[in-house]
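All remarks here apply to the structure that follows.
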Protein chains: 2
Amino acid sequence: MRRPAQTSRAAGAPARGAEQSESSEKKLFVDFLLDKNLKLTRQREAVVDEIFGGSGHFEAEEIVQRLKLNRSRVSRATVYRTLELLLECKLVERLELGGTGSYYEHVHPGEHHDHLICTQCGNVIEFHNEKLENMQAEICNNFDFQETHHSLRIFGLCSKCGQIPQ
Amino acid sequence: MRRPAQTSRAAGAPARGAEQSESSEKKLFVDFLLDKNLKLTRQREAVVDEIFGGSGHFEAEEIVQRLKLNRSRVSRATVYRTLELLLECKLVERLELGGTGSYYEHVHPGEHHDHLICTQCGNVIEFHNEKLENMQAEICNNFDFQETHHSLRIFGLCSKCGQIPQ
DNA sequence: ATTGAATATGAGACTAAATCTCAATTATAA
DNA sequence: TTATAATTGAGATTTAGTCTCATATTCAAT
């Protein structure tokens, strides 16, 4: 996986409709903060705006840099701390692409998806399959396991890379 | 996840029967080396013996230490390098438990399993579900994606931890 | 508006995990 | 035995992320 990873949006993981505005998601975050007696600071707001404003997956360091270039000054520590909060309230998911560090992605409420990861070109394809999700729920049930979140990653060669003889 | 992680073997991921001896798996590794014009060294053999001899999941550093204590001297670099080879020939799988580093586990040929990971006590439950695997294969097929491997992790509270009110 | 207390931040030190370097060593085929 | 390609080890280095703690900020109560 040499090239910087890109994201394709697949059927089943459609672009968010107009019924879910960015500000309503931001409100979810603000409510989450209130609920935990945490404060809405300039820095947290900047991080959230940056993440909700972008698309695809990103590294924590990328947010640090984007903030540095574009607008407010937010420290690395605060970016990581805010990402933790966003993970907790499920507006962001962590994604390990097989390399060393973690990627993150903004997820719209109730729109979880899984990933096909091309180990050749780095392309990441999102998909969602309800039957798969249901079966996982069933398995959890069998084990009396209370799921909070899950991650399914399928690694291999995408349609383009699969055609080139290895 | 505070305590050192432990592994439970669940139904569907049974203990290996007598029909698959450790030495036959070692032969798979040796053949893999030969096939790639790689050499069977004392160090590689020591790493493989250590891994095939143990059970459950482990960190790379753990193997470095176990080798240091028990028998031969093998450098950290060589342990990591040998793990890469074992991943490639699918005798070992990498497992990210949500913390910083990676875990590995010895997998017997054709016996892949997935994981339920308790974020409270660190317990890791293995499971295998053929229907789930088939559906994944179908999804790959739909995307013309050639899978090499996959990883499904379900995080949450195990039956014990789920009973304790949060 | 002011105040106070709890919460948050930033700079940079620190840690952990993994990779890299390259001179010296070793396995294997001829 | 020899040639050579592959391998190794020690430790430097990189990377990703966490931690510390003095200072600053938020926000509810006044």
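For the structure tokens, the naming scheme is as follows: chains receive sequential letters (A, B, ...) according to their order of presentation, residues are indexed from 1 within each chain, and ligands are indexed from 1 in presentation order.
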
Least-squares fit on all C-alpha atoms, paired in order: put chain B onto chain A and return it as a compact mmCIF listing (two decimals) with N, CA and C atoms, in the first residue's frame.
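Everything below was put into superposed34.txt:
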```txt
# COMPACT_ATOMS: atom_id res chain seq x y z
N MET B 1 0.74 -1.31 -0.03
CA MET B 1 -0.09 -0.09 0.01
C MET B 1 0.81 1.13 0.01
N ARG B 2 1.15 1.63 -1.16
CA ARG B 2 2.11 2.71 -1.26
C ARG B 2 1.49 4.08 -1.31
N ARG B 3 0.51 4.21 -2.19
CA ARG B 3 -0.08 5.53 -2.39
C ARG B 3 -0.95 5.95 -1.22
N PRO B 4 -1.11 7.26 -1.04
CA PRO B 4 -2.03 7.71 0.01
C PRO B 4 -3.43 7.16 -0.28
N ALA B 5 -4.04 6.66 0.76
CA ALA B 5 -5.32 5.99 0.59
C ALA B 5 -6.42 6.94 0.16
N GLN B 6 -7.28 6.43 -0.67
CA GLN B 6 -8.42 7.20 -1.13
C GLN B 6 -9.69 6.46 -0.79
N THR B 7 -10.80 7.15 -0.83
CA THR B 7 -12.07 6.52 -0.48
C THR B 7 -13.05 6.55 -1.64
N SER B 8 -13.67 5.42 -1.88
CA SER B 8 -14.76 5.36 -2.85
C SER B 8 -16.05 5.16 -2.08
N ARG B 9 -17.08 5.80 -2.50
CA ARG B 9 -18.36 5.56 -1.84
C ARG B 9 -19.14 4.54 -2.67
N ALA B 10 -19.52 3.45 -2.05
CA ALA B 10 -20.20 2.38 -2.77
C ALA B 10 -21.71 2.46 -2.54
N ALA B 11 -22.44 1.79 -3.39
CA ALA B 11 -23.88 1.65 -3.17
C ALA B 11 -24.09 1.09 -1.79
N GLY B 12 -25.09 1.57 -1.10
CA GLY B 12 -25.33 1.10 0.25
C GLY B 12 -24.71 2.02 1.28
N ALA B 13 -23.83 2.88 0.84
CA ALA B 13 -23.26 3.90 1.72
C ALA B 13 -23.39 5.24 1.01
N PRO B 14 -24.63 5.65 0.78
CA PRO B 14 -24.90 6.82 -0.07
C PRO B 14 -24.50 8.12 0.60
N ALA B 15 -24.35 9.13 -0.21
CA ALA B 15 -24.08 10.46 0.32
C ALA B 15 -25.24 10.87 1.21
N ARG B 16 -24.92 11.62 2.22
CA ARG B 16 -25.92 12.06 3.19
C ARG B 16 -26.93 12.99 2.52
N GLY B 17 -28.19 12.77 2.79
CA GLY B 17 -29.24 13.61 2.21
C GLY B 17 -29.36 14.92 2.95
N ALA B 18 -30.23 15.76 2.47
CA ALA B 18 -30.39 17.09 3.05
C ALA B 18 -31.07 17.03 4.42
N GLU B 19 -31.70 15.89 4.71
CA GLU B 19 -32.45 15.79 5.96
C GLU B 19 -31.56 15.79 7.20
N GLN B 20 -30.24 15.66 7.01
CA GLN B 20 -29.34 15.60 8.16
C GLN B 20 -28.27 16.68 7.99
N SER B 21 -28.54 17.83 8.50
CA SER B 21 -27.62 18.95 8.28
C SER B 21 -26.38 18.81 9.16
N GLU B 22 -25.32 19.45 8.75
CA GLU B 22 -24.09 19.40 9.53
C GLU B 22 -24.32 19.96 10.93
N SER B 23 -25.09 21.05 10.99
CA SER B 23 -25.30 21.70 12.28
C SER B 23 -26.07 20.80 13.24
N SER B 24 -26.93 19.92 12.70
CA SER B 24 -27.67 19.04 13.61
C SER B 24 -26.73 18.01 14.22
N GLU B 25 -25.71 17.62 13.45
CA GLU B 25 -24.73 16.69 14.01
C GLU B 25 -23.87 17.38 15.04
N LYS B 26 -23.59 18.62 14.75
CA LYS B 26 -22.80 19.39 15.71
C LYS B 26 -23.58 19.52 17.02
N LYS B 27 -24.89 19.67 16.89
CA LYS B 27 -25.73 19.76 18.08
C LYS B 27 -25.63 18.47 18.91
N LEU B 28 -25.58 17.33 18.21
CA LEU B 28 -25.43 16.06 18.92
C LEU B 28 -24.17 16.08 19.76
N PHE B 29 -23.11 16.63 19.18
CA PHE B 29 -21.84 16.70 19.91
C PHE B 29 -21.95 17.63 21.11
N VAL B 30 -22.56 18.78 20.90
CA VAL B 30 -22.72 19.75 21.98
C VAL B 30 -23.56 19.15 23.11
N ASP B 31 -24.62 18.46 22.73
CA ASP B 31 -25.46 17.82 23.75
C ASP B 31 -24.68 16.76 24.52
N PHE B 32 -23.86 16.05 23.79
CA PHE B 32 -23.01 15.03 24.41
C PHE B 32 -22.08 15.66 25.44
N LEU B 33 -21.51 16.80 25.08
CA LEU B 33 -20.63 17.52 26.00
C LEU B 33 -21.41 17.95 27.25
N LEU B 34 -22.53 18.60 27.01
CA LEU B 34 -23.37 19.08 28.12
C LEU B 34 -23.68 17.93 29.07
N ASP B 35 -24.10 16.83 28.47
CA ASP B 35 -24.51 15.66 29.23
C ASP B 35 -23.41 15.15 30.14
N LYS B 36 -22.17 15.35 29.73
CA LYS B 36 -21.05 14.88 30.53
C LYS B 36 -20.40 16.00 31.33
N ASN B 37 -21.05 17.13 31.36
CA ASN B 37 -20.48 18.29 32.05
C ASN B 37 -19.12 18.69 31.49
N LEU B 38 -19.04 18.58 30.16
CA LEU B 38 -17.81 19.01 29.49
C LEU B 38 -18.10 20.34 28.80
N LYS B 39 -17.06 21.06 28.53
CA LYS B 39 -17.27 22.42 28.02
C LYS B 39 -17.08 22.53 26.51
N LEU B 40 -17.87 23.38 25.91
CA LEU B 40 -17.72 23.64 24.49
C LEU B 40 -16.69 24.75 24.31
N THR B 41 -15.51 24.35 23.91
CA THR B 41 -14.44 25.34 23.78
C THR B 41 -14.22 25.69 22.31
N ARG B 42 -13.54 26.81 22.12
CA ARG B 42 -13.17 27.23 20.77
C ARG B 42 -12.45 26.10 20.05
N GLN B 43 -11.56 25.42 20.76
CA GLN B 43 -10.74 24.38 20.14
C GLN B 43 -11.58 23.17 19.72
N ARG B 44 -12.44 22.74 20.60
CA ARG B 44 -13.28 21.59 20.27
C ARG B 44 -14.16 21.91 19.07
N GLU B 45 -14.67 23.13 19.07
CA GLU B 45 -15.52 23.53 17.96
C GLU B 45 -14.74 23.54 16.65
N ALA B 46 -13.52 24.02 16.71
CA ALA B 46 -12.69 24.09 15.50
C ALA B 46 -12.42 22.69 14.95
N VAL B 47 -12.11 21.75 15.85
CA VAL B 47 -11.83 20.38 15.42
C VAL B 47 -13.07 19.77 14.77
N VAL B 48 -14.20 19.93 15.43
CA VAL B 48 -15.44 19.36 14.92
C VAL B 48 -15.80 19.97 13.56
N ASP B 49 -15.68 21.26 13.45
CA ASP B 49 -15.99 21.91 12.18
C ASP B 49 -15.09 21.39 11.07
N GLU B 50 -13.83 21.25 11.40
CA GLU B 50 -12.88 20.77 10.40
C GLU B 50 -13.25 19.37 9.94
N ILE B 51 -13.58 18.52 10.88
CA ILE B 51 -13.90 17.12 10.54
C ILE B 51 -15.24 17.02 9.80
N PHE B 52 -16.23 17.71 10.31
CA PHE B 52 -17.55 17.63 9.68
C PHE B 52 -17.54 18.32 8.32
N GLY B 53 -16.65 19.25 8.16
CA GLY B 53 -16.56 19.98 6.89
C GLY B 53 -15.87 19.17 5.80
N GLY B 54 -14.98 18.28 6.19
CA GLY B 54 -14.24 17.50 5.20
C GLY B 54 -14.98 16.24 4.78
N SER B 55 -14.29 15.36 4.06
CA SER B 55 -14.91 14.10 3.68
C SER B 55 -13.83 13.02 3.60
N GLY B 56 -14.26 11.79 3.57
CA GLY B 56 -13.31 10.68 3.50
C GLY B 56 -12.64 10.45 4.83
N HIS B 57 -11.61 9.63 4.83
CA HIS B 57 -10.93 9.35 6.08
C HIS B 57 -9.66 10.18 6.19
N PHE B 58 -9.19 10.33 7.40
CA PHE B 58 -8.08 11.25 7.65
C PHE B 58 -7.31 10.79 8.87
N GLU B 59 -6.07 11.28 8.97
CA GLU B 59 -5.26 10.99 10.15
C GLU B 59 -5.38 12.16 11.13
N ALA B 60 -5.09 11.90 12.39
CA ALA B 60 -5.16 12.95 13.40
C ALA B 60 -4.24 14.11 13.02
N GLU B 61 -3.05 13.76 12.60
CA GLU B 61 -2.08 14.79 12.27
C GLU B 61 -2.57 15.71 11.15
N GLU B 62 -3.35 15.11 10.25
CA GLU B 62 -3.92 15.88 9.13
C GLU B 62 -4.80 17.00 9.66
N ILE B 63 -5.57 16.71 10.67
CA ILE B 63 -6.47 17.72 11.26
C ILE B 63 -5.62 18.80 11.93
N VAL B 64 -4.58 18.39 12.61
CA VAL B 64 -3.67 19.36 13.24
C VAL B 64 -3.16 20.33 12.18
N GLN B 65 -2.74 19.78 11.05
CA GLN B 65 -2.16 20.61 9.99
C GLN B 65 -3.21 21.48 9.32
N ARG B 66 -4.36 20.89 9.04
CA ARG B 66 -5.43 21.65 8.38
C ARG B 66 -5.85 22.82 9.24
N LEU B 67 -5.92 22.60 10.54
CA LEU B 67 -6.30 23.68 11.45
C LEU B 67 -5.22 24.75 11.48
N LYS B 68 -3.99 24.29 11.46
CA LYS B 68 -2.87 25.23 11.50
C LYS B 68 -2.91 26.15 10.28
N LEU B 69 -3.15 25.57 9.12
CA LEU B 69 -3.18 26.33 7.88
C LEU B 69 -4.40 27.25 7.78
N ASN B 70 -5.55 26.70 8.08
CA ASN B 70 -6.79 27.40 7.76
C ASN B 70 -7.24 28.47 8.76
N ARG B 71 -7.15 28.12 10.01
CA ARG B 71 -7.79 29.03 10.95
C ARG B 71 -7.15 29.00 12.33
N SER B 72 -7.85 28.42 13.27
CA SER B 72 -7.44 28.53 14.66
C SER B 72 -6.27 27.61 15.00
N ARG B 73 -5.60 27.93 16.04
CA ARG B 73 -4.50 27.18 16.57
C ARG B 73 -5.04 26.17 17.59
N VAL B 74 -4.86 24.90 17.30
CA VAL B 74 -5.27 23.87 18.25
C VAL B 74 -4.12 22.88 18.37
N SER B 75 -3.76 22.55 19.58
CA SER B 75 -2.61 21.66 19.78
C SER B 75 -2.94 20.22 19.39
N ARG B 76 -1.87 19.50 19.10
CA ARG B 76 -2.02 18.08 18.78
C ARG B 76 -2.76 17.34 19.89
N ALA B 77 -2.39 17.61 21.12
CA ALA B 77 -3.01 16.93 22.26
C ALA B 77 -4.52 17.13 22.25
N THR B 78 -4.94 18.35 21.98
CA THR B 78 -6.38 18.64 21.98
C THR B 78 -7.08 17.96 20.81
N VAL B 79 -6.41 17.89 19.68
CA VAL B 79 -7.01 17.18 18.54
C VAL B 79 -7.24 15.72 18.92
N TYR B 80 -6.23 15.08 19.49
CA TYR B 80 -6.39 13.68 19.92
C TYR B 80 -7.49 13.56 20.96
N ARG B 81 -7.51 14.49 21.90
CA ARG B 81 -8.51 14.43 22.96
C ARG B 81 -9.92 14.59 22.40
N THR B 82 -10.05 15.48 21.44
CA THR B 82 -11.37 15.69 20.85
C THR B 82 -11.80 14.50 20.00
N LEU B 83 -10.83 13.88 19.34
CA LEU B 83 -11.17 12.67 18.57
C LEU B 83 -11.71 11.59 19.49
N GLU B 84 -11.13 11.46 20.68
CA GLU B 84 -11.62 10.48 21.63
C GLU B 84 -13.09 10.72 21.96
N LEU B 85 -13.41 12.01 22.17
CA LEU B 85 -14.80 12.35 22.47
C LEU B 85 -15.73 12.02 21.30
N LEU B 86 -15.26 12.32 20.11
CA LEU B 86 -16.08 12.06 18.92
C LEU B 86 -16.28 10.56 18.70
N LEU B 87 -15.28 9.79 19.06
CA LEU B 87 -15.42 8.33 18.98
C LEU B 87 -16.48 7.87 19.97
N GLU B 88 -16.39 8.45 21.16
CA GLU B 88 -17.30 8.04 22.23
C GLU B 88 -18.75 8.32 21.87
N CYS B 89 -19.00 9.44 21.23
CA CYS B 89 -20.39 9.75 20.88
C CYS B 89 -20.72 9.28 19.47
N LYS B 90 -19.81 8.51 18.88
CA LYS B 90 -20.06 7.80 17.63
C LYS B 90 -20.30 8.70 16.42
N LEU B 91 -19.72 9.88 16.45
CA LEU B 91 -19.78 10.73 15.27
C LEU B 91 -18.53 10.52 14.42
N VAL B 92 -17.58 9.80 14.98
CA VAL B 92 -16.35 9.46 14.27
C VAL B 92 -16.03 7.99 14.55
N GLU B 93 -15.52 7.31 13.54
CA GLU B 93 -15.04 5.95 13.76
C GLU B 93 -13.57 5.86 13.45
N ARG B 94 -12.89 4.99 14.18
CA ARG B 94 -11.47 4.75 13.94
C ARG B 94 -11.34 3.66 12.89
N LEU B 95 -10.33 3.78 12.07
CA LEU B 95 -10.14 2.85 10.96
C LEU B 95 -8.66 2.52 10.85
N GLU B 96 -8.32 1.25 11.02
CA GLU B 96 -6.92 0.85 10.88
C GLU B 96 -6.74 0.22 9.52
N LEU B 97 -5.91 0.84 8.71
CA LEU B 97 -5.81 0.40 7.32
C LEU B 97 -4.70 -0.60 7.08
N GLY B 98 -4.07 -1.07 8.13
CA GLY B 98 -3.04 -2.09 7.96
C GLY B 98 -1.64 -1.53 8.15
N GLY B 99 -1.52 -0.21 8.06
CA GLY B 99 -0.23 0.43 8.31
C GLY B 99 -0.02 0.65 9.80
N THR B 100 0.80 1.63 10.13
CA THR B 100 1.14 1.84 11.53
C THR B 100 0.06 2.62 12.30
N GLY B 101 -0.30 3.77 11.79
CA GLY B 101 -1.19 4.64 12.54
C GLY B 101 -2.66 4.39 12.28
N SER B 102 -3.51 5.21 12.90
CA SER B 102 -4.94 5.09 12.74
C SER B 102 -5.49 6.16 11.81
N TYR B 103 -6.54 5.82 11.13
CA TYR B 103 -7.32 6.79 10.39
C TYR B 103 -8.63 6.96 11.11
N TYR B 104 -9.29 8.04 10.79
CA TYR B 104 -10.59 8.30 11.37
C TYR B 104 -11.52 8.66 10.24
N GLU B 105 -12.83 8.50 10.48
CA GLU B 105 -13.78 9.02 9.50
C GLU B 105 -15.02 9.51 10.19
N HIS B 106 -15.53 10.55 9.62
CA HIS B 106 -16.76 11.14 10.10
C HIS B 106 -17.90 10.20 9.68
N VAL B 107 -18.69 9.76 10.63
CA VAL B 107 -19.84 8.93 10.26
C VAL B 107 -21.12 9.64 10.69
N HIS B 108 -22.08 9.62 9.80
CA HIS B 108 -23.35 10.23 10.12
C HIS B 108 -24.13 9.27 10.99
N PRO B 109 -24.89 9.80 11.93
CA PRO B 109 -25.57 8.94 12.91
C PRO B 109 -26.36 7.82 12.23
N GLY B 110 -26.11 6.61 12.67
CA GLY B 110 -26.81 5.45 12.13
C GLY B 110 -26.36 5.00 10.76
N GLU B 111 -25.25 5.54 10.28
CA GLU B 111 -24.81 5.17 8.93
C GLU B 111 -23.48 4.42 8.93
N HIS B 112 -23.30 3.53 9.84
CA HIS B 112 -22.07 2.74 9.87
C HIS B 112 -21.84 2.00 8.55
N HIS B 113 -20.58 1.88 8.19
CA HIS B 113 -20.26 1.02 7.04
C HIS B 113 -18.96 0.28 7.29
N ASP B 114 -18.71 -0.73 6.48
CA ASP B 114 -17.49 -1.50 6.58
C ASP B 114 -16.60 -1.20 5.38
N HIS B 115 -15.43 -1.87 5.33
CA HIS B 115 -14.44 -1.48 4.32
C HIS B 115 -13.79 -2.62 3.58
N LEU B 116 -13.64 -2.43 2.28
CA LEU B 116 -12.78 -3.26 1.45
C LEU B 116 -11.52 -2.44 1.23
N ILE B 117 -10.38 -3.00 1.56
CA ILE B 117 -9.14 -2.24 1.50
C ILE B 117 -8.19 -2.89 0.50
N CYS B 118 -7.86 -2.16 -0.56
CA CYS B 118 -6.94 -2.71 -1.55
C CYS B 118 -5.51 -2.54 -1.07
N THR B 119 -4.84 -3.67 -0.89
CA THR B 119 -3.48 -3.64 -0.36
C THR B 119 -2.47 -3.26 -1.44
N GLN B 120 -2.95 -3.14 -2.67
CA GLN B 120 -2.07 -2.77 -3.77
C GLN B 120 -2.05 -1.25 -3.95
N CYS B 121 -3.23 -0.68 -4.18
CA CYS B 121 -3.28 0.75 -4.52
C CYS B 121 -3.77 1.60 -3.36
N GLY B 122 -4.21 0.97 -2.28
CA GLY B 122 -4.64 1.74 -1.11
C GLY B 122 -6.07 2.24 -1.17
N ASN B 123 -6.75 1.93 -2.25
CA ASN B 123 -8.15 2.36 -2.37
C ASN B 123 -9.00 1.70 -1.28
N VAL B 124 -9.89 2.48 -0.72
CA VAL B 124 -10.79 1.97 0.33
C VAL B 124 -12.22 2.09 -0.15
N ILE B 125 -12.92 0.97 -0.22
CA ILE B 125 -14.30 0.95 -0.68
C ILE B 125 -15.21 0.75 0.53
N GLU B 126 -16.19 1.62 0.65
CA GLU B 126 -17.13 1.49 1.75
C GLU B 126 -18.30 0.62 1.31
N PHE B 127 -18.81 -0.19 2.20
CA PHE B 127 -20.05 -0.92 1.90
C PHE B 127 -20.85 -1.12 3.17
N HIS B 128 -22.11 -1.36 2.96
CA HIS B 128 -22.97 -1.66 4.10
C HIS B 128 -23.88 -2.79 3.71
N ASN B 129 -24.03 -3.76 4.59
CA ASN B 129 -24.89 -4.90 4.29
C ASN B 129 -25.70 -5.23 5.53
N GLU B 130 -26.99 -5.05 5.41
CA GLU B 130 -27.85 -5.19 6.57
C GLU B 130 -27.89 -6.62 7.10
N LYS B 131 -27.87 -7.57 6.18
CA LYS B 131 -27.91 -8.98 6.60
C LYS B 131 -26.70 -9.32 7.45
N LEU B 132 -25.56 -8.80 7.00
CA LEU B 132 -24.32 -9.02 7.72
C LEU B 132 -24.42 -8.45 9.14
N GLU B 133 -24.96 -7.25 9.22
CA GLU B 133 -25.11 -6.60 10.52
C GLU B 133 -26.03 -7.42 11.42
N ASN B 134 -27.10 -7.92 10.84
CA ASN B 134 -28.04 -8.71 11.63
C ASN B 134 -27.41 -9.99 12.16
N MET B 135 -26.61 -10.60 11.31
CA MET B 135 -25.98 -11.84 11.76
C MET B 135 -24.99 -11.57 12.89
N GLN B 136 -24.33 -10.46 12.80
CA GLN B 136 -23.41 -10.10 13.88
C GLN B 136 -24.17 -9.90 15.18
N ALA B 137 -25.31 -9.24 15.07
CA ALA B 137 -26.13 -9.01 16.26
C ALA B 137 -26.55 -10.34 16.86
N GLU B 138 -26.88 -11.28 15.99
CA GLU B 138 -27.30 -12.61 16.44
C GLU B 138 -26.14 -13.31 17.18
N ILE B 139 -24.96 -13.19 16.61
CA ILE B 139 -23.80 -13.81 17.24
C ILE B 139 -23.56 -13.22 18.63
N CYS B 140 -23.64 -11.90 18.72
CA CYS B 140 -23.48 -11.24 20.02
C CYS B 140 -24.50 -11.77 21.00
N ASN B 141 -25.70 -11.90 20.51
CA ASN B 141 -26.78 -12.39 21.34
C ASN B 141 -26.45 -13.79 21.87
N ASN B 142 -25.96 -14.64 21.02
CA ASN B 142 -25.58 -16.00 21.42
C ASN B 142 -24.55 -16.01 22.53
N PHE B 143 -23.68 -15.02 22.51
CA PHE B 143 -22.61 -14.98 23.51
C PHE B 143 -22.97 -14.08 24.69
N ASP B 144 -24.19 -13.58 24.70
CA ASP B 144 -24.62 -12.65 25.73
C ASP B 144 -23.62 -11.48 25.80
N PHE B 145 -23.29 -10.99 24.62
CA PHE B 145 -22.28 -9.94 24.49
C PHE B 145 -22.98 -8.66 24.06
N GLN B 146 -22.75 -7.58 24.78
CA GLN B 146 -23.38 -6.30 24.44
C GLN B 146 -22.46 -5.46 23.57
N GLU B 147 -22.72 -5.47 22.28
CA GLU B 147 -21.87 -4.74 21.35
C GLU B 147 -21.98 -3.23 21.53
N THR B 148 -20.81 -2.57 21.48
CA THR B 148 -20.84 -1.11 21.40
C THR B 148 -20.50 -0.66 19.98
N HIS B 149 -19.57 -1.34 19.35
CA HIS B 149 -19.24 -1.03 17.96
C HIS B 149 -18.46 -2.19 17.36
N HIS B 150 -18.34 -2.17 16.05
CA HIS B 150 -17.56 -3.24 15.41
C HIS B 150 -16.83 -2.70 14.20
N SER B 151 -15.97 -3.54 13.69
CA SER B 151 -15.17 -3.14 12.54
C SER B 151 -14.87 -4.37 11.70
N LEU B 152 -15.35 -4.33 10.48
CA LEU B 152 -15.04 -5.41 9.53
C LEU B 152 -14.20 -4.83 8.40
N ARG B 153 -13.02 -5.39 8.25
CA ARG B 153 -12.14 -4.95 7.16
C ARG B 153 -11.80 -6.16 6.32
N ILE B 154 -11.99 -6.00 5.02
CA ILE B 154 -11.62 -7.07 4.10
C ILE B 154 -10.46 -6.55 3.25
N PHE B 155 -9.33 -7.22 3.35
CA PHE B 155 -8.14 -6.80 2.62
C PHE B 155 -7.97 -7.65 1.36
N GLY B 156 -7.43 -7.06 0.33
CA GLY B 156 -7.20 -7.81 -0.90
C GLY B 156 -6.95 -6.88 -2.08
N LEU B 157 -7.30 -7.35 -3.27
CA LEU B 157 -7.06 -6.56 -4.47
C LEU B 157 -8.37 -6.06 -5.05
N CYS B 158 -8.44 -4.76 -5.29
CA CYS B 158 -9.64 -4.18 -5.88
C CYS B 158 -9.74 -4.60 -7.35
N SER B 159 -10.85 -4.27 -7.97
CA SER B 159 -11.11 -4.75 -9.33
C SER B 159 -10.00 -4.34 -10.30
N LYS B 160 -9.50 -3.13 -10.13
CA LYS B 160 -8.41 -2.67 -11.02
C LYS B 160 -7.14 -3.47 -10.80
N CYS B 161 -6.72 -3.55 -9.54
CA CYS B 161 -5.45 -4.20 -9.24
C CYS B 161 -5.51 -5.71 -9.46
N GLY B 162 -6.69 -6.29 -9.34
CA GLY B 162 -6.84 -7.73 -9.51
C GLY B 162 -6.62 -8.17 -10.94
N GLN B 163 -6.78 -7.24 -11.88
CA GLN B 163 -6.63 -7.60 -13.29
C GLN B 163 -5.18 -7.67 -13.72
N ILE B 164 -4.35 -6.88 -13.01
CA ILE B 164 -2.94 -6.90 -13.34
C ILE B 164 -2.32 -8.18 -12.76
N PRO B 165 -1.74 -9.05 -13.60
CA PRO B 165 -1.15 -10.27 -13.06
C PRO B 165 -0.08 -9.92 -12.03
N GLN B 166 -0.14 -10.61 -10.90
CA GLN B 166 0.82 -10.31 -9.81
C GLN B 166 2.20 -10.81 -10.17
```

Using only C-alpha atoms (C1' of nucleotides), which chain C residues lie at most 10 Å away from chain B, written as a short mmCIF file (atom, residue, chain, number, x, y, z; two decimals) with N, CA, C and O atoms (P, O5', C5', C4', C3', O3' and C1' of nucleotides), in the first residue's frame?
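Result went into part-v6.cif, see below:
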```
data_model
loop_
_atom_site.label_atom_id
_atom_site.label_comp_id
_atom_site.auth_asym_id
_atom_site.auth_seq_id
_atom_site.Cartn_x
_atom_site.Cartn_y
_atom_site.Cartn_z
P DA C 16 6.86 2.89 27.98
"O5'" DA C 16 6.24 2.53 26.56
"C5'" DA C 16 4.96 3.04 26.20
"C4'" DA C 16 4.60 2.48 24.87
"C3'" DA C 16 5.15 1.07 24.62
"O3'" DA C 16 4.13 0.33 23.99
"C1'" DA C 16 6.05 2.58 23.02
P DA C 17 4.45 -1.16 23.56
"O5'" DA C 17 4.58 -0.99 21.99
"C5'" DA C 17 3.55 -0.34 21.27
"C4'" DA C 17 3.96 -0.26 19.83
"C3'" DA C 17 4.49 -1.58 19.28
"O3'" DA C 17 3.76 -1.85 18.09
"C1'" DA C 17 6.05 0.17 18.89
P DA C 18 3.99 -3.20 17.32
"O5'" DA C 18 5.00 -2.72 16.19
"C5'" DA C 18 4.65 -1.56 15.44
"C4'" DA C 18 5.86 -1.09 14.69
"C3'" DA C 18 6.55 -2.17 13.86
"O3'" DA C 18 6.37 -1.82 12.51
"C1'" DA C 18 8.10 -0.72 14.96
P DT C 19 7.02 -2.62 11.34
"O5'" DT C 19 8.23 -1.65 10.92
"C5'" DT C 19 7.98 -0.27 10.74
"C4'" DT C 19 9.29 0.42 10.44
"C3'" DT C 19 10.10 -0.27 9.35
"O3'" DT C 19 10.45 0.75 8.43
"C1'" DT C 19 11.45 0.12 11.26
P DC C 20 11.21 0.43 7.07
"O5'" DC C 20 12.68 0.93 7.40
"C5'" DC C 20 12.86 2.22 8.00
"C4'" DC C 20 14.33 2.42 8.30
"C3'" DC C 20 15.26 1.87 7.22
"O3'" DC C 20 16.17 2.91 6.90
"C1'" DC C 20 15.87 1.02 9.35
P DT C 26 27.88 -17.00 11.97
"O5'" DT C 26 26.89 -17.39 10.78
"C5'" DT C 26 25.53 -17.00 10.87
"C4'" DT C 26 24.81 -17.53 9.67
"C3'" DT C 26 25.09 -19.00 9.37
"O3'" DT C 26 23.84 -19.60 9.18
"C1'" DT C 26 25.39 -17.69 7.44
P DA C 27 23.65 -21.18 9.21
"O5'" DA C 27 22.90 -21.34 7.82
"C5'" DA C 27 21.70 -20.60 7.60
"C4'" DA C 27 21.31 -20.73 6.15
"C3'" DA C 27 21.23 -22.16 5.63
"O3'" DA C 27 20.05 -22.23 4.85
"C1'" DA C 27 22.82 -20.92 4.35
P DT C 28 19.50 -23.61 4.35
"O5'" DT C 28 20.13 -23.74 2.89
"C5'" DT C 28 19.67 -22.86 1.87
"C4'" DT C 28 20.57 -22.99 0.68
"C3'" DT C 28 20.74 -24.43 0.18
"O3'" DT C 28 20.24 -24.46 -1.13
"C1'" DT C 28 22.79 -23.24 0.20
#
```

Could you list, as an MDAnalysis selection string, the residues of chain D having an atom within 9 Å of chain A when counting only C-alpha atoms (C1' of nucleotides)? chainID D and resid 15:18 25:27

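We find atom C1' of D:DC19 and atom C1' of C:DT9 to be spaced 13.3 Å apart.
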
Could you pull the residues within 10 Å of D:DT20, counting only C-alpha atoms (C1' of nucleotides), minus those fewer than 3 positions along the same chain, as number ranges by chain? C: 12-14
